[in-house]
Structures are given as C-alpha cells and as structure tokens.
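Engineer: Let me begin by handing over the structure; questions about it come next.
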Amino acid sequence: MTKRTMPFLSSSVTFLEDALEILFKDLRLELRRGYEIYSIMVLALLSNLSFGFALGIMNPNVLEFVPAVLWISILFIGMLGFTTVFVREMDKGTIDGLRLAPISPQAILLGKTIYTFMLMCVGAVFIIPSSMIILNYTFRSDYLLVILFLGLGILNIAVVGSMVSALAMYSESRALIIPALSLPLVPGTLVPSILATGKLATGATIDMILSELQLNLAFLLLMVAAFWITFEYVLYD
Amino acid sequence: MSISTHLIETSHLSKRYGNRFGLKDADLNVENHEIFALMGPNGAGKSTLLRILATLTRPTSGEVKIFGYDILKQEIQVRRLIGVVLHHSLLYDELSGRENLSFYMRLYGFRNKDILKKSIKDKASLFGVEDRLDDHVGTLSSGLKKRFDIVRAIIHNPRILLLDEPFSSLDLEGVEHLKNYLNWAKGSSTIIFSTHNLDIAEEISDRIATLKDSQITEIRCIK
C-alpha cells in the first residue's frame with residue numbers, strides 16, 4: 001500500500017512545489033513592476049465612481065444594480081490581469097524557459113491561475129468596500145458566505161482567463177481573441193454569480209443560493225477538467 | 001530506458017512550416033562526450049534542428065531519441081538531461097541574475113538553499129559574472145546577459161548542451177570563458193552548438209555538420 005501511495009504523494013508535492021515556484025516568480029515580478037496592481041486599483045476606483053455618479057449615490061434601488069455593477073467591475077479587473085499572464089512570457093521569450101523545464105504543463109497552468117486569482121482578489125478587496133461606501137449598500141448575509149461565494153466566482157473567471165490568455169499568446173490579434181474566447185465561457189459563471197450576489201445583499205442564507213453555488217462549482221469542475229486535458233497541447237503545439 | 005548506441009539519434013527528421021521545410025530528412029547521430037557544430041547560412045535549419053532536440057518544436061515527421069528516450073513521448077525525461085541556450089534570453093529582466101538562476105534551479109528540483117547558493121556562485125564564476133549576480137538582468141549589457149543565459153543553461157549540470165549561436169553577443173573574454181567551459185564540460189557532457197564562425201567551430205568541435213536549404217549536406221570530422 002505504502003509503495004503504491006508514496007510515489008503519488010511525492011509527485012503531487014513536487015507538482016504543487018512547481019506550481020508555487022511559478023506563482024512566487026510571478027508575484028515577485030508583479031511587485032517589482034506594479035503595472036497590474038496599480039491599473040487594477042485605478043480601474044476599481046474609476047468604475048465605482050462612474051457607477052456612483054450614473055446611478056446616484058443615494059439611489060433607493062441601488063441593490064438592483066449593485067450585483068451587476070460589482071461583477072462587471074471584477075470581470076474588467078480580471079481582463080487586466082489575465083490578458084498578460086501568458087502573453088508577457090511570450091513577448092519576452094521567457095515562455096521557452098518554462099517549456100524547457102522538466103515540470104508538468106499543468107503545474108504551469110495552476111501557478112498562473114493562482115496568480116491571476118490573487119491579482120483579482122486584490123482588485124476585489126479594493127472594489128467591494130469602496131463600492132459599499134460609494135453606492136451606500138451593505139451585504140446583509142453572513143460575511144464568510146459572501147467571501148466564499150465571491151471567491152468562487154473570481155476563481156472561475158481566473159481559470160477561464162488564464163486558459164484564454166494561454167490560447168491567445170501565439171496570436172498577434174490577442175486584443176480581439178481574449179474577449180472573443182471569454183465571451184461564450186464567462187456568462188456561465190457570471191450569471192449565477194450576479195443572481196446570488198443580489199440575494200446575498202438582501203440577507204440570503206446558503207440554502208437560498210444553493211442552486212447558484214452548485215452551478216458555479218459545476219462550472220469550475222468542467223473548466224478545470226477541459227483545460228487540464230488540453231493545456232499541454234496549447235503550450236507545446 | 002532502451003539501450004542506444006548513440007546519445008542522440010535522429011531519423012528522417014523533418015519539420016514543415018506550411019509549404020516550406022524548416023528541416024528536411026535529417027539523419028544525425030551524436031556520440032557521448034562529443035562537441036558537434038552545426039554550420040550553414042541563415043534559414044538553413046540549424047535553429048529548427050536545435051529546437052526539435054530541445055523539445056520546443058514538434059517535428060512533422062521522423063524520430064528523435066536522446067539517451068534512448070523518445071522526445072515525443074518522454075519529453076520530461078529529456079528535459080531533465082538537456083541545457084539549452086536560444087537566440088533570445090530566457091531571463092526575467094526584473095529579477096536579478098541570482099533570482100533568475102535560483103528560479104530555474106528550483107524548477108529542476110534543486111531546493112536546498114546551500115546547494116542553490118553554492119552552485120549559482122560556482123557556475124557564475126566560470127563565466128566571470130559572480131560580481132553581477134545581484135544586478136537586475138534588465139540593467140545588464142547584452143554580452144553579460146548572454147553569459148547569464150549560458151549559466152542558466154548549465155545550472156542543473158545537464159548531460160547534453162544545445163546551444164544556438166552561443167558565441168554571438170559575447171566579447172573576447174566571454175568567448176574565452178565559453179570555449180574553456182565547453183572543453184571542460186566535454187568530459188561529462190555532449191554539446192551541440194550552431195555558429196557562423198568557422199574558426200571557432202574547427203577549434204573546439206569534433207565534427208561539423210553543414211546545413212543548406214533545410215538539409216544536412218555534409219558531416220566532417222575535425223579531430
């Protein structure tokens with residue numbers, strides 16, 4: 001039994017270590033450059049102010065708009081982050097360094113996806129509290145549930161975004177390809193996320209958002225499975 | 001691993017880019033501890049051959065075995081054995097030389113800090129860049145960057161070195177460092193490199209293959 005499980009455990013640990021190496025490298029690069037972090041902060045503030053002025057700061061119907069406003073802003077923040085996640089490696093030529101490394105291609109995808117997720121979370125940390133102040137609303141549900149649900153939605157967008165960025169890195173018309181490939185995929189998580197966020201703002205419990213939660217989990221499993229199988233061909237062919 | 005008489009064997013290796021051949025019907029055998037030079041004009045297929053051997057480009061047809069491993073089916077095993085220098089740098093400009101080398105070593109499974117530190121210092125000193133290890137790579141000249149790129153390629157003690165025009169961008173001191181290293185590394189590694197410089201190829205290689213119009217037209221022994 002031990003003989004059968006230990007190699008699996010050992011390779012799993014190595015896989016995670018490799019993914020973390022990619023993640024830490026990207027985080028270090030981002031902290032040195034700061035391009036994405038700063039642009040995400042500015043975009044978060046800009047979108048909140050724009051929606052605040054457009055909808056009216058004391059609008060009594062604000063809860064009808066907030067979920068959509070929030071997720072559109074998060075999606076655009078994601079676009080800023082995941083557009084560059086593979087494209088910059090391609091432009092600089094460093095993608096060949098990753099391709100030459102004796103590591104699983106999926107470890108590269110996992111590292112890049114966690115990086116995109118963390119970048120989007122940083123954006124969400126700016127955008128959600130500032131929108132609560134500017135648009136004058138609050139989440140009435142359990143905050144842990146709100147954080148978990150928003151995190152799942154953000155993770156779904158990060159997974160799609162990382163793969164789309166990988167698919168687009170070889171193309172010169174990336175500016176077109178990234179949104180075009182995202183368009184049929186993102187609504188699968190965006191729609192349930194918007195619906196559930198609206199419910200969470202009015203005090204919903206986990207039972208009341210169960211269907212949206214299941215949809216988002218199913219979306220995550222489906223995307224991870226599809227991208228897991230195909231990523232090797234994307235990276236090397 | 002199957003038994004192989006040659007360290008690197010290619011058989012009818014071809015790569016097509018649309019209607020054009022990047023490499024056509026290349027048969028090549030390279031022995032252990034050999035320094036093998038690839039020469040030929042631009043577009044002759046040298047880089048394509050090296051990229052296929054490096055597992056970066058999949059051939060359209062033909063077979064390649066490195067240490068008995070099929071590069072199409074056992075690419076991770078092959079990648080553990082090879083060190084590669086390409087035309088372009090694989091280093092991150094925003095990171096220092098030390099951080100770049102440490103990152104790549106970790107991807108090869110070296111995670112012991114003492115080993116990392118010692119290996120980076122030792123390898124950097126072979127190319128005279130140990131004093132520049134903490135400089136950001138983006139601030140270095142192209143020649144120093146190239147030296148760091150070579151150090152990156154050898155950092156995990158590869159059994160096979162694939163070098164695409166490694167002497168370009170290097171100053172005289174850099175060229176001497178590389179020639180000395182290749183002569184020393186020959187004892188434990190096999191080296192394939194491309195160059196346009198016939199003098200260097202004849203000085204350090206055991207055999208030279210000439211490529212023209214995507215085909216190997218001649219292989220001659222030097223030593």
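By convention in this document, the chains of the structure tokens carry letters A, B, ... by their order, each chain's residues are numbered from 1, and ligands are numbered from 1 in the order they are shown.
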Taking only C-alpha atoms into account, report as JSON, numbers by chain which residues of chain B lie within 10 Å of chain A.

Structural biologist: {"B": [54, 55, 56, 57, 58, 75, 76, 77, 78, 79, 80, 81, 82, 83, 84, 85, 86, 87, 88, 89, 90, 91, 92, 93, 94, 95, 99, 100, 103, 104, 105, 106, 107, 108, 109, 111, 152, 153]}

Engineer: Report as a PDB file with C-alpha atoms, in the first residue's frame all protein, DNA and RNA residues lying within 12 Å of Trp71 in chain A, evaluated on only C-alpha atoms, omitting residues in the same chain fewer than 4 positions from it.

Structural biologist:
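Result saved to around.pdb:
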ATOM      1  CA  ALA A  44     -11.651  49.795  -9.348  1.00  0.00           C
ATOM      2  CA  SER A  47     -15.678  52.101 -12.140  1.00  0.00           C
ATOM      3  CA  ASN A  48     -17.114  52.717  -8.662  1.00  0.00           C
ATOM      4  CA  PHE A  65     -27.849  47.347  -9.804  1.00  0.00           C
ATOM      5  CA  VAL A  66     -25.097  46.504  -7.329  1.00  0.00           C
ATOM      6  CA  PRO A  67     -24.588  42.807  -8.225  1.00  0.00           C
ATOM      7  CA  LEU A  75     -14.567  40.970 -14.792  1.00  0.00           C
ATOM      8  CA  PHE A  76     -12.787  44.021 -16.203  1.00  0.00           C
ATOM      9  CA  ILE A  77     -10.209  43.817 -13.424  1.00  0.00           C
ATOM     10  CA  GLY A  78      -9.696  40.180 -14.380  1.00  0.00           C
ATOM     11  CA  MET A 120      -8.264  39.603  -8.947  1.00  0.00           C
ATOM     12  CA  GLY A 123      -8.829  44.099  -7.048  1.00  0.00           C
ATOM     13  CA  ALA A 124     -11.931  42.780  -5.264  1.00  0.00           C
ATOM     14  CA  ILE A 127     -13.613  47.362  -5.356  1.00  0.00           C
ATOM     15  CA  ILE A 128     -16.090  45.804  -2.904  1.00  0.00           C
ATOM     16  CA  SER A 131     -18.465  50.328  -3.834  1.00  0.00           C
ATOM     17  CA  LEU A 150     -17.349  35.893  -4.311  1.00  0.00           C
ATOM     18  CA  GLY A 151     -14.092  33.934  -4.103  1.00  0.00           C
ATOM     19  CA  GLY A 153     -16.871  33.378  -8.787  1.00  0.00           C
ATOM     20  CA  ILE A 154     -13.495  35.121  -9.004  1.00  0.00           C
ATOM     21  CA  ILE A 157     -13.094  33.875 -14.005  1.00  0.00           C
ATOM     22  CA  VAL A 186     -17.670  33.752 -18.801  1.00  0.00           C
ATOM     23  CA  PRO A 187     -21.512  34.071 -18.704  1.00  0.00           C
ATOM     24  CA  THR A 189     -20.259  31.790 -14.063  1.00  0.00           C
ATOM     25  CA  LEU A 190     -21.187  35.479 -14.336  1.00  0.00           C
ATOM     26  CA  VAL A 191     -24.976  34.954 -14.419  1.00  0.00           C
ATOM     27  CA  PRO A 192     -25.237  32.755 -11.283  1.00  0.00           C
ATOM     28  CA  SER A 193     -22.711  34.999  -9.523  1.00  0.00           C
ATOM     29  CA  ILE A 194     -24.787  38.123 -10.221  1.00  0.00           C
ATOM     30  CA  LEU A 195     -28.019  36.418  -9.142  1.00  0.00           C
ATOM     31  CA  ALA A 196     -26.524  35.104  -5.894  1.00  0.00           C
ATOM     32  CA  THR A 197     -24.751  38.368  -5.078  1.00  0.00           C
ATOM     33  CA  GLY A 198     -28.127  40.125  -5.272  1.00  0.00           C
TER      34      GLY A 198
END

Engineer: Compile the contact shell of Leu213 in chain A as a list in words: residues with an atom at most 9 Å away, counting only C-alpha atoms, same-chain residues fewer than 2 positions apart removed.

Structural biologist: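 Surrounding residues, per the criterion: Phe149, Leu152, Pro192, Ser193, Ala196, Ile206, Ile209, Leu210, Ser211, Leu215, Asn216, Leu217 and Ala218 of chain A.
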
Engineer: Take the residues just selected and output them with C-alpha atoms as a PDB file, in the first residue's frame.

Structural biologist:
ATOM      1  CA  PHE A 149     -19.147  32.883  -2.859  1.00  0.00           C
ATOM      2  CA  LEU A 152     -15.588  31.051  -6.066  1.00  0.00           C
ATOM      3  CA  PRO A 192     -25.237  32.755 -11.283  1.00  0.00           C
ATOM      4  CA  SER A 193     -22.711  34.999  -9.523  1.00  0.00           C
ATOM      5  CA  ALA A 196     -26.524  35.104  -5.894  1.00  0.00           C
ATOM      6  CA  ILE A 206     -26.666  29.302   1.974  1.00  0.00           C
ATOM      7  CA  ILE A 209     -28.160  30.459  -3.057  1.00  0.00           C
ATOM      8  CA  LEU A 210     -27.606  26.713  -3.287  1.00  0.00           C
ATOM      9  CA  SER A 211     -28.510  26.432  -6.980  1.00  0.00           C
ATOM     10  CA  LEU A 215     -23.830  25.974 -10.916  1.00  0.00           C
ATOM     11  CA  ASN A 216     -20.576  27.751 -10.093  1.00  0.00           C
ATOM     12  CA  LEU A 217     -18.990  24.595  -8.683  1.00  0.00           C
ATOM     13  CA  ALA A 218     -20.058  22.605 -11.754  1.00  0.00           C
TER      14      ALA A 218
END

Engineer: Please compute the CA of Gly56 in chain A-CA of Ala201 in chain A distance, one decimal, in Å.

Structural biologist: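 Rounded to one decimal, the two atoms are 18.3 Å apart.
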
Engineer: Do you have the CA of Ser189 in chain B-CA of Ile160 in chain B distance handy?

Structural biologist: 5.4 Å

Engineer: Hey, which of A:Leu80, A:Leu155, A:Leu46, A:Met90 ends up closest to Ala175 in chain A? Count only C-alpha atoms.

Structural biologist: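 With only C-alpha atoms as the atom set, the closest residue is A:Leu80.
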
Engineer: Using only C-alpha atoms, pick whichever of A:Tyr115, A:Leu20, A:Ile74, A:Ala68 has the shortest atom-to-atom distance to Val159 in chain A.

Structural biologist: A:Tyr115

Engineer: Could you tell me how far CA of Phe15 in chain A sits from CA of Leu110 in chain A, in Å to one decimal place?

Structural biologist: 9.4 Å

Engineer: Have a look at B:Asn19, B:Met39, B:Leu178, B:Ser125 and name the one nearest to Asp199 in chain B; count only C-alpha atoms.

Structural biologist: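 Using only C-alpha atoms, Asp199 in chain B sits closest to B:Met39.
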